[in-house]
2 protein chains.
Amino acid sequence: MNKITPADKVYNYIKEQIVTRRLYPGTRIIEEDVVEAVGVSRTPIRTALSRLAHDGLIEQIPNRGSYVTKPTEEDFRSVFEARKLVETAAFRKALRAHTEGTVELLKENLAKQEALEKRFDLNEYVSLNRTFHLLLTRDAGNPYYEKYLDELYNRISTYLLFWDTSADNSRSLCSHKRMFEAFCEQDEEKGVEALLEDISLGEGDIKKSRGL
Amino acid sequence: MNKITPADKVYNYIKEQIVTRRLYPGTRIIEEDVVEAVGVSRTPIRTALSRLAHDGLIEQIPNRGSYVTKPTEEDFRSVFEARKLVETAAFRKALRAHTEGTVELLKENLAKQEALEKRFDLNEYVSLNRTFHLLLTRDAGNPYYEKYLDELYNRISTYLLFWDTSADNSRSLCSHKRMFEAFCEQDEEKGVEALLEDISLGEGDIKKSRGL
DNA sequence: CATCAAACTTTTGTATACAAAATTGTATTT
DNA sequence: AAATACAATTTTGTATACAAAAGTTTGATG
């Protein structure tokens with residue numbers, strides 16, 4: 001297994017802090033504070049911050065620090081618009097390519113999602129959801145689609161962990177099942193319809209979580 | 001005006017080296033060499049490298065250095081596929097929004113392109129072309145479209161400066177003119193048709209330049 | 001002569017001290 | 001009391017020395 005470097009430690013630490021919202025969007029991250037918290041020098045901290053900026057989780061302004069990404073309402077609109085465009089295109093292509101390995105992984109993922117019906121865990125759900133959507137586009141075989149979608153997810157990830165739980169989970173599970181079915185049956189239109197519904201669902205949830 | 005920092009100097013220096021192909025795709029960039037060349041310490045060099053990696057101009061592998069991005073044939077296919085999808089969508093939206101300021105800028109840009117008919121300059125042409133396409137999608141008002149397209153351009157930019165000059169320039173200018181017309185007339189279908197033709201043209205040129 | 005391992009070299013990663021820029025607080029002037 | 005200039009502090013940017021990892025050479029051994 002790959003050894004984990006100081007820079008990795010810092011990266012994981014800050015990412016965890018952001019995703020669990022102990023570091024709130026808009027918060028400034030001061031390098032010296034991270035030194036105290038993690039116990040390494042500023043150098044690996046700077047490389048970690050650079051990676052996080054690359055991921056879209058923080059934003060860096062020259063000579064005045066790093067800030068946890070705080071998307072505006074406009075950003076959300078833009079992100080979801082882009083997601084709809086790219087994710088449907090990638091999904092269509094993936095559905096046509098349609099490898100057996102992916103179907104297997106999707107099946108496992110869905111099983112875990114169903115398990116959440118009994119005992120809900122938001123963290124787990126967000127993770128499963130992201131993997132699920134990623135899998136549905138993977139067979140498209142375009143790494144730039146994946147990369148882009150990944151970055152779009154990151155942009156809004158700070159807000160994914162904030163919505164009133166399991167009520168929506170059932171609805172989401174429902175559309176996911178339809179997407180999976182369509183993927184297996186290679187029914188493109190049915191699949192895209194379910195996908196768009198699912199994305200809109202998420203968009204609505206985020207808006208709710210922000211009181212819009 | 002903003003002062004240019006050592007990190008900026010390094011960034012510009014390396015970018016220039018790459019774009020003018022003095023640094024060939026696949027070449028390893030050794031930090032100490034850059035120290036000699038630019039005359040600053042390794043710290044700003046590392047931040048510059050990080051930015052370049054972010055731009056997609058280089059790739060970094062932990063513990064074994066930075067390499068000038070060398071896209072495979074698959075990469076080219078993927079980049080152009082993504083470009084076709086996103087750029088047409090952005091163009092459609094921009095065409096409908098259609099601000100007067102953009103029209104003005106496009107007109108200026110086109111004039112410069114025409115000037116190249118007499119005296120061709122590849123560097124200048126590549127730059128104008130990129131700006132032109134960027135302008136045509138700007139009124140879409142989605143920063144993530146722009147960002148993505150920008151990164152896609154970067155991926156292939158190493159190869160943009162390598163094709164047998166002005167023969168293609170006329171053809172390209174022709175489709176550009178049609179795109180501009182369509183943009184002004186808000187004729188979506190005509191515009192998209194011209195855009196797709198123009199993108200395919202570029203794709204073909206790159207393939208030629210690689211002997212495919 | 002081929003192979004492998006240990007020493008050596010090169011290169012990247014980290015720690016730390018110092019410089020420059022930005023921010024904050026304070027005093028002075030109006 | 002408000003505004004502004006200036007000093008003090010905080011924070012980011014840079015230089016440099018050292019540590020660790022990767023890559024290369026050399027030489028002993030089968």
# chains A, B, ... in the order shown; residues from 1 in each chain; ligands from 1
call {"tool": "interface_residues", "arguments": {"of": "chain A", "to": "chain C", "cutoff": "8 Å", "atoms": "only C-alpha atoms (C1' of nucleotides)", "output": "list in words"}}
result
Ser41, Thr43, Pro44, Asn63 and Arg64 of chain A
call {"tool": "closest_atom_pairs", "arguments": {"of": "chain D", "to": "chain A", "cutoff": "8 Å", "atoms": "only C-alpha atoms (C1' of nucleotides)", "output": "tab-separated table"}}
result
residue	atom	partner	partner_atom	distance
D:DT11	C1'	A:Ile30	CA	7.7
D:DT12	C1'	A:Asn63	CA	5.4
D:DG13	C1'	A:Asn63	CA	7.5
call {"tool": "interface_residues", "arguments": {"of": "chain A", "to": "chain B", "cutoff": "10 Å", "atoms": "only C-alpha atoms", "output": "ChimeraX atom specification"}}
result
/A:5,43,46-47,50-51,53-55,62,74-75,77-79,81-83,85-86,89-90,140-145,147-148,151-152
call {"tool": "residues_around", "arguments": {"residues": "Gly56 (chain B)", "least_positions_apart": "4", "cutoff": "10 Å", "atoms": "only C-alpha atoms (C1' of nucleotides)", "output": "ChimeraX atom specification"}}
result
/B:50-52,60,68-69,150-157
call {"tool": "write_last_selection", "arguments": {"atoms": "N, CA and C atoms", "output": "short mmCIF file (atom, residue, chain, number, x, y, z; two decimals), in the first residue's frame"}}
result
data_model
loop_
_atom_site.label_atom_id
_atom_site.label_comp_id
_atom_site.auth_asym_id
_atom_site.auth_seq_id
_atom_site.Cartn_x
_atom_site.Cartn_y
_atom_site.Cartn_z
N SER B 50 2.46 23.71 -9.64
CA SER B 50 1.14 23.31 -9.18
C SER B 50 0.04 23.97 -10.02
N ARG B 51 0.24 25.26 -10.32
CA ARG B 51 -0.75 25.95 -11.16
C ARG B 51 -0.80 25.35 -12.56
N LEU B 52 0.38 25.07 -13.10
CA LEU B 52 0.43 24.50 -14.45
C LEU B 52 -0.26 23.15 -14.49
N GLN B 60 1.82 15.91 -12.71
CA GLN B 60 2.76 15.66 -11.62
C GLN B 60 2.55 14.27 -11.04
N VAL B 68 5.63 17.47 -19.01
CA VAL B 68 4.78 18.20 -19.94
C VAL B 68 3.72 17.25 -20.48
N THR B 69 2.48 17.71 -20.40
CA THR B 69 1.35 16.85 -20.79
C THR B 69 1.52 16.33 -22.21
N ASP B 150 -11.90 25.96 -21.22
CA ASP B 150 -10.55 26.46 -21.10
C ASP B 150 -9.58 25.32 -20.81
N GLU B 151 -9.97 24.46 -19.89
CA GLU B 151 -9.10 23.33 -19.56
C GLU B 151 -8.94 22.39 -20.74
N LEU B 152 -10.02 22.17 -21.46
CA LEU B 152 -9.94 21.30 -22.63
C LEU B 152 -8.98 21.87 -23.67
N TYR B 153 -9.06 23.19 -23.87
CA TYR B 153 -8.12 23.82 -24.79
C TYR B 153 -6.69 23.59 -24.34
N ASN B 154 -6.46 23.80 -23.05
CA ASN B 154 -5.10 23.62 -22.54
C ASN B 154 -4.54 22.23 -22.84
N ARG B 155 -5.40 21.25 -22.67
CA ARG B 155 -4.97 19.87 -22.87
C ARG B 155 -4.33 19.65 -24.24
N ILE B 156 -4.89 20.30 -25.23
CA ILE B 156 -4.41 20.05 -26.59
C ILE B 156 -3.55 21.18 -27.11
N SER B 157 -3.36 22.21 -26.26
CA SER B 157 -2.70 23.42 -26.76
C SER B 157 -1.29 23.16 -27.25
#
call {"tool": "residues_around", "arguments": {"residues": "Leu173 (chain B)", "least_positions_apart": "4", "cutoff": "8 Å", "atoms": "only C-alpha atoms (C1' of nucleotides)", "output": "list in words"}}
result
Gln113, Glu114, Asn169 and Lys177 of chain B
call {"tool": "write_last_selection", "arguments": {"atoms": "C-alpha atoms", "output": "mmCIF file, in the first residue's frame"}}
result
data_model
loop_
_atom_site.group_PDB
_atom_site.id
_atom_site.type_symbol
_atom_site.label_atom_id
_atom_site.label_comp_id
_atom_site.auth_asym_id
_atom_site.auth_seq_id
_atom_site.Cartn_x
_atom_site.Cartn_y
_atom_site.Cartn_z
ATOM 1 C CA GLN B 113 -8.129 37.297 -38.177
ATOM 2 C CA GLU B 114 -8.659 38.739 -41.629
ATOM 3 C CA ASN B 169 -6.591 29.474 -42.181
ATOM 4 C CA LYS B 177 -17.500 34.313 -40.308
#
call {"tool": "closest_atom_pairs", "arguments": {"of": "region 13-93 of chain B", "to": "region 115-126 of chain B", "cutoff": "12 Å", "atoms": "only C-alpha atoms", "output": "Markdown table"}}
result
| residue | atom | partner | partner_atom | distance |
| --- | --- | --- | --- | --- |
| B:Glu16 | CA | B:Asn123 | CA | 11.2 |
| B:Val19 | CA | B:Asn123 | CA | 9.2 |
| B:Thr20 | CA | B:Asn123 | CA | 8.5 |
| B:Arg21 | CA | B:Asn123 | CA | 11.6 |
call {"tool": "atom_distance", "arguments": {"atom1": "CA of Ala94 (chain A)", "atom2": "CA of Thr137 (chain A)"}}
result
5.4 Å
call {"tool": "select_by_dssp", "arguments": {"residues": "region 20-206 of chain B", "states": "helix (DSSP H, G or I)", "output": "PyMOL selection string"}}
result
chain B and resi 31-38+42-55+73-97+100-118+122-138+143-160+166-185+188-206
call {"tool": "residues_around", "arguments": {"residues": "Phe91 (chain B)", "least_positions_apart": "2", "cutoff": "10 Å", "atoms": "only C-alpha atoms (C1' of nucleotides)", "output": "PyMOL selection string"}}
result
chain B and resi 86-89+93-98+133-140+179+183+188+191-192+195
call {"tool": "closest_residue", "arguments": {"among": "A:Leu149, A:Ala7, A:Gln186, A:Arg92", "to": "Gly39 (chain A)", "atoms": "only C-alpha atoms"}}
result
A:Ala7
call {"tool": "closest_residue", "arguments": {"among": "B:Leu201, B:Tyr67, B:Ser209, B:Ile29", "to": "Phe80 (chain B)", "atoms": "only C-alpha atoms"}}
result
B:Leu201
call {"tool": "select_by_dssp", "arguments": {"residues": "region 47-207 of chain A", "states": "strand (DSSP E)", "output": "list in words"}}
result
Ile58, Glu59, Gln60, Ser66, Tyr67 and Val68 of chain A
call {"tool": "decode", "arguments": {"residues": "region 167-210 of chain A", "atoms": "N, CA and C atoms", "output": "mmCIF file, in the first residue's frame"}}
result
data_model
loop_
_atom_site.group_PDB
_atom_site.id
_atom_site.type_symbol
_atom_site.label_atom_id
_atom_site.label_comp_id
_atom_site.auth_asym_id
_atom_site.auth_seq_id
_atom_site.Cartn_x
_atom_site.Cartn_y
_atom_site.Cartn_z
ATOM 1 N N ALA A 167 -36.619 11.483 4.408
ATOM 2 C CA ALA A 167 -37.835 11.669 3.633
ATOM 3 C C ALA A 167 -37.521 11.604 2.148
ATOM 4 N N ASP A 168 -36.443 12.323 1.757
ATOM 5 C CA ASP A 168 -36.080 12.369 0.351
ATOM 6 C C ASP A 168 -35.395 11.096 -0.117
ATOM 7 N N ASN A 169 -34.844 10.370 0.823
ATOM 8 C CA ASN A 169 -34.077 9.186 0.457
ATOM 9 C C ASN A 169 -34.914 8.196 -0.348
ATOM 10 N N SER A 170 -36.156 8.007 0.048
ATOM 11 C CA SER A 170 -37.006 7.056 -0.664
ATOM 12 C C SER A 170 -37.228 7.493 -2.104
ATOM 13 N N ARG A 171 -37.519 8.765 -2.263
ATOM 14 C CA ARG A 171 -37.727 9.263 -3.620
ATOM 15 C C ARG A 171 -36.487 9.075 -4.467
ATOM 16 N N SER A 172 -35.326 9.405 -3.862
ATOM 17 C CA SER A 172 -34.065 9.263 -4.570
ATOM 18 C C SER A 172 -33.812 7.806 -4.936
ATOM 19 N N LEU A 173 -34.050 6.922 -3.983
ATOM 20 C CA LEU A 173 -33.852 5.491 -4.230
ATOM 21 C C LEU A 173 -34.718 5.042 -5.403
ATOM 22 N N CYS A 174 -35.914 5.572 -5.447
ATOM 23 C CA CYS A 174 -36.851 5.224 -6.508
ATOM 24 C C CYS A 174 -36.296 5.585 -7.886
ATOM 25 N N SER A 175 -35.827 6.804 -8.023
ATOM 26 C CA SER A 175 -35.290 7.196 -9.333
ATOM 27 C C SER A 175 -34.002 6.425 -9.637
ATOM 28 N N HIS A 176 -33.225 6.154 -8.630
ATOM 29 C CA HIS A 176 -32.005 5.370 -8.841
ATOM 30 C C HIS A 176 -32.337 3.978 -9.384
ATOM 31 N N LYS A 177 -33.358 3.389 -8.830
ATOM 32 C CA LYS A 177 -33.740 2.051 -9.304
ATOM 33 C C LYS A 177 -34.130 2.100 -10.778
ATOM 34 N N ARG A 178 -34.883 3.139 -11.113
ATOM 35 C CA ARG A 178 -35.299 3.245 -12.519
ATOM 36 C C ARG A 178 -34.099 3.461 -13.435
ATOM 37 N N MET A 179 -33.155 4.252 -12.950
ATOM 38 C CA MET A 179 -31.957 4.469 -13.752
ATOM 39 C C MET A 179 -31.209 3.152 -13.962
ATOM 40 N N PHE A 180 -31.127 2.394 -12.915
ATOM 41 C CA PHE A 180 -30.436 1.107 -13.005
ATOM 42 C C PHE A 180 -31.136 0.170 -13.985
ATOM 43 N N GLU A 181 -32.443 0.079 -13.847
ATOM 44 C CA GLU A 181 -33.221 -0.748 -14.775
ATOM 45 C C GLU A 181 -32.956 -0.336 -16.220
ATOM 46 N N ALA A 182 -33.106 0.954 -16.456
ATOM 47 C CA ALA A 182 -32.923 1.463 -17.816
ATOM 48 C C ALA A 182 -31.530 1.150 -18.326
ATOM 49 N N PHE A 183 -30.571 1.256 -17.437
ATOM 50 C CA PHE A 183 -29.177 0.968 -17.817
ATOM 51 C C PHE A 183 -29.041 -0.485 -18.260
ATOM 52 N N CYS A 184 -29.682 -1.380 -17.549
ATOM 53 C CA CYS A 184 -29.609 -2.801 -17.894
ATOM 54 C C CYS A 184 -30.366 -3.099 -19.191
ATOM 55 N N GLU A 185 -31.537 -2.483 -19.308
ATOM 56 C CA GLU A 185 -32.370 -2.748 -20.493
ATOM 57 C C GLU A 185 -31.916 -1.925 -21.694
ATOM 58 N N GLN A 186 -30.943 -1.081 -21.496
ATOM 59 C CA GLN A 186 -30.478 -0.154 -22.520
ATOM 60 C C GLN A 186 -31.612 0.704 -23.063
ATOM 61 N N ASP A 187 -32.476 1.108 -22.182
ATOM 62 C CA ASP A 187 -33.587 1.986 -22.565
ATOM 63 C C ASP A 187 -33.171 3.424 -22.291
ATOM 64 N N GLU A 188 -32.627 4.048 -23.329
ATOM 65 C CA GLU A 188 -31.999 5.350 -23.162
ATOM 66 C C GLU A 188 -32.965 6.411 -22.649
ATOM 67 N N GLU A 189 -34.136 6.504 -23.264
ATOM 68 C CA GLU A 189 -35.042 7.593 -22.914
ATOM 69 C C GLU A 189 -35.552 7.472 -21.485
ATOM 70 N N LYS A 190 -35.917 6.270 -21.142
ATOM 71 C CA LYS A 190 -36.352 6.029 -19.768
ATOM 72 C C LYS A 190 -35.257 6.417 -18.785
ATOM 73 N N GLY A 191 -34.041 6.026 -19.099
ATOM 74 C CA GLY A 191 -32.913 6.313 -18.224
ATOM 75 C C GLY A 191 -32.675 7.799 -18.052
ATOM 76 N N VAL A 192 -32.639 8.509 -19.172
ATOM 77 C CA VAL A 192 -32.369 9.951 -19.119
ATOM 78 C C VAL A 192 -33.468 10.667 -18.337
ATOM 79 N N GLU A 193 -34.691 10.226 -18.553
ATOM 80 C CA GLU A 193 -35.805 10.833 -17.822
ATOM 81 C C GLU A 193 -35.607 10.692 -16.317
ATOM 82 N N ALA A 194 -35.276 9.475 -15.903
ATOM 83 C CA ALA A 194 -35.066 9.225 -14.472
ATOM 84 C C ALA A 194 -33.873 10.022 -13.952
ATOM 85 N N LEU A 195 -32.810 10.074 -14.746
ATOM 86 C CA LEU A 195 -31.613 10.811 -14.339
ATOM 87 C C LEU A 195 -31.914 12.278 -14.106
ATOM 88 N N LEU A 196 -32.606 12.888 -15.075
ATOM 89 C CA LEU A 196 -32.927 14.314 -14.952
ATOM 90 C C LEU A 196 -33.802 14.569 -13.735
ATOM 91 N N GLU A 197 -34.722 13.639 -13.500
ATOM 92 C CA GLU A 197 -35.574 13.761 -12.322
ATOM 93 C C GLU A 197 -34.728 13.727 -11.052
ATOM 94 N N ASP A 198 -33.782 12.807 -11.044
ATOM 95 C CA ASP A 198 -32.922 12.636 -9.866
ATOM 96 C C ASP A 198 -32.075 13.882 -9.619
ATOM 97 N N ILE A 199 -31.532 14.434 -10.690
ATOM 98 C CA ILE A 199 -30.714 15.637 -10.534
ATOM 99 C C ILE A 199 -31.558 16.792 -10.021
ATOM 100 N N SER A 200 -32.750 16.945 -10.601
ATOM 101 C CA SER A 200 -33.629 18.030 -10.157
ATOM 102 C C SER A 200 -33.985 17.873 -8.686
ATOM 103 N N LEU A 201 -34.158 16.636 -8.288
ATOM 104 C CA LEU A 201 -34.445 16.335 -6.884
ATOM 105 C C LEU A 201 -33.342 16.901 -5.995
ATOM 106 N N GLY A 202 -32.117 16.591 -6.353
ATOM 107 C CA GLY A 202 -30.975 17.077 -5.580
ATOM 108 C C GLY A 202 -30.915 18.590 -5.568
ATOM 109 N N GLU A 203 -31.217 19.184 -6.719
ATOM 110 C CA GLU A 203 -31.196 20.637 -6.816
ATOM 111 C C GLU A 203 -32.221 21.249 -5.860
ATOM 112 N N GLY A 204 -33.406 20.644 -5.858
ATOM 113 C CA GLY A 204 -34.446 21.122 -4.965
ATOM 114 C C GLY A 204 -34.043 21.006 -3.507
ATOM 115 N N ASP A 205 -33.430 19.888 -3.172
ATOM 116 C CA ASP A 205 -33.011 19.660 -1.790
ATOM 117 C C ASP A 205 -32.016 20.716 -1.333
ATOM 118 N N ILE A 206 -31.068 21.012 -2.209
ATOM 119 C CA ILE A 206 -30.074 22.013 -1.830
ATOM 120 C C ILE A 206 -30.729 23.369 -1.634
ATOM 121 N N LYS A 207 -31.650 23.693 -2.523
ATOM 122 C CA LYS A 207 -32.340 24.972 -2.375
ATOM 123 C C LYS A 207 -33.077 25.026 -1.044
ATOM 124 N N LYS A 208 -33.754 23.935 -0.734
ATOM 125 C CA LYS A 208 -34.462 23.871 0.542
ATOM 126 C C LYS A 208 -33.484 24.095 1.699
ATOM 127 N N SER A 209 -32.358 23.385 1.637
ATOM 128 C CA SER A 209 -31.396 23.434 2.736
ATOM 129 C C SER A 209 -30.844 24.831 2.932
ATOM 130 N N ARG A 210 -30.977 25.675 1.910
ATOM 131 C CA ARG A 210 -30.505 27.039 2.031
ATOM 132 C C ARG A 210 -31.668 28.007 2.248
#
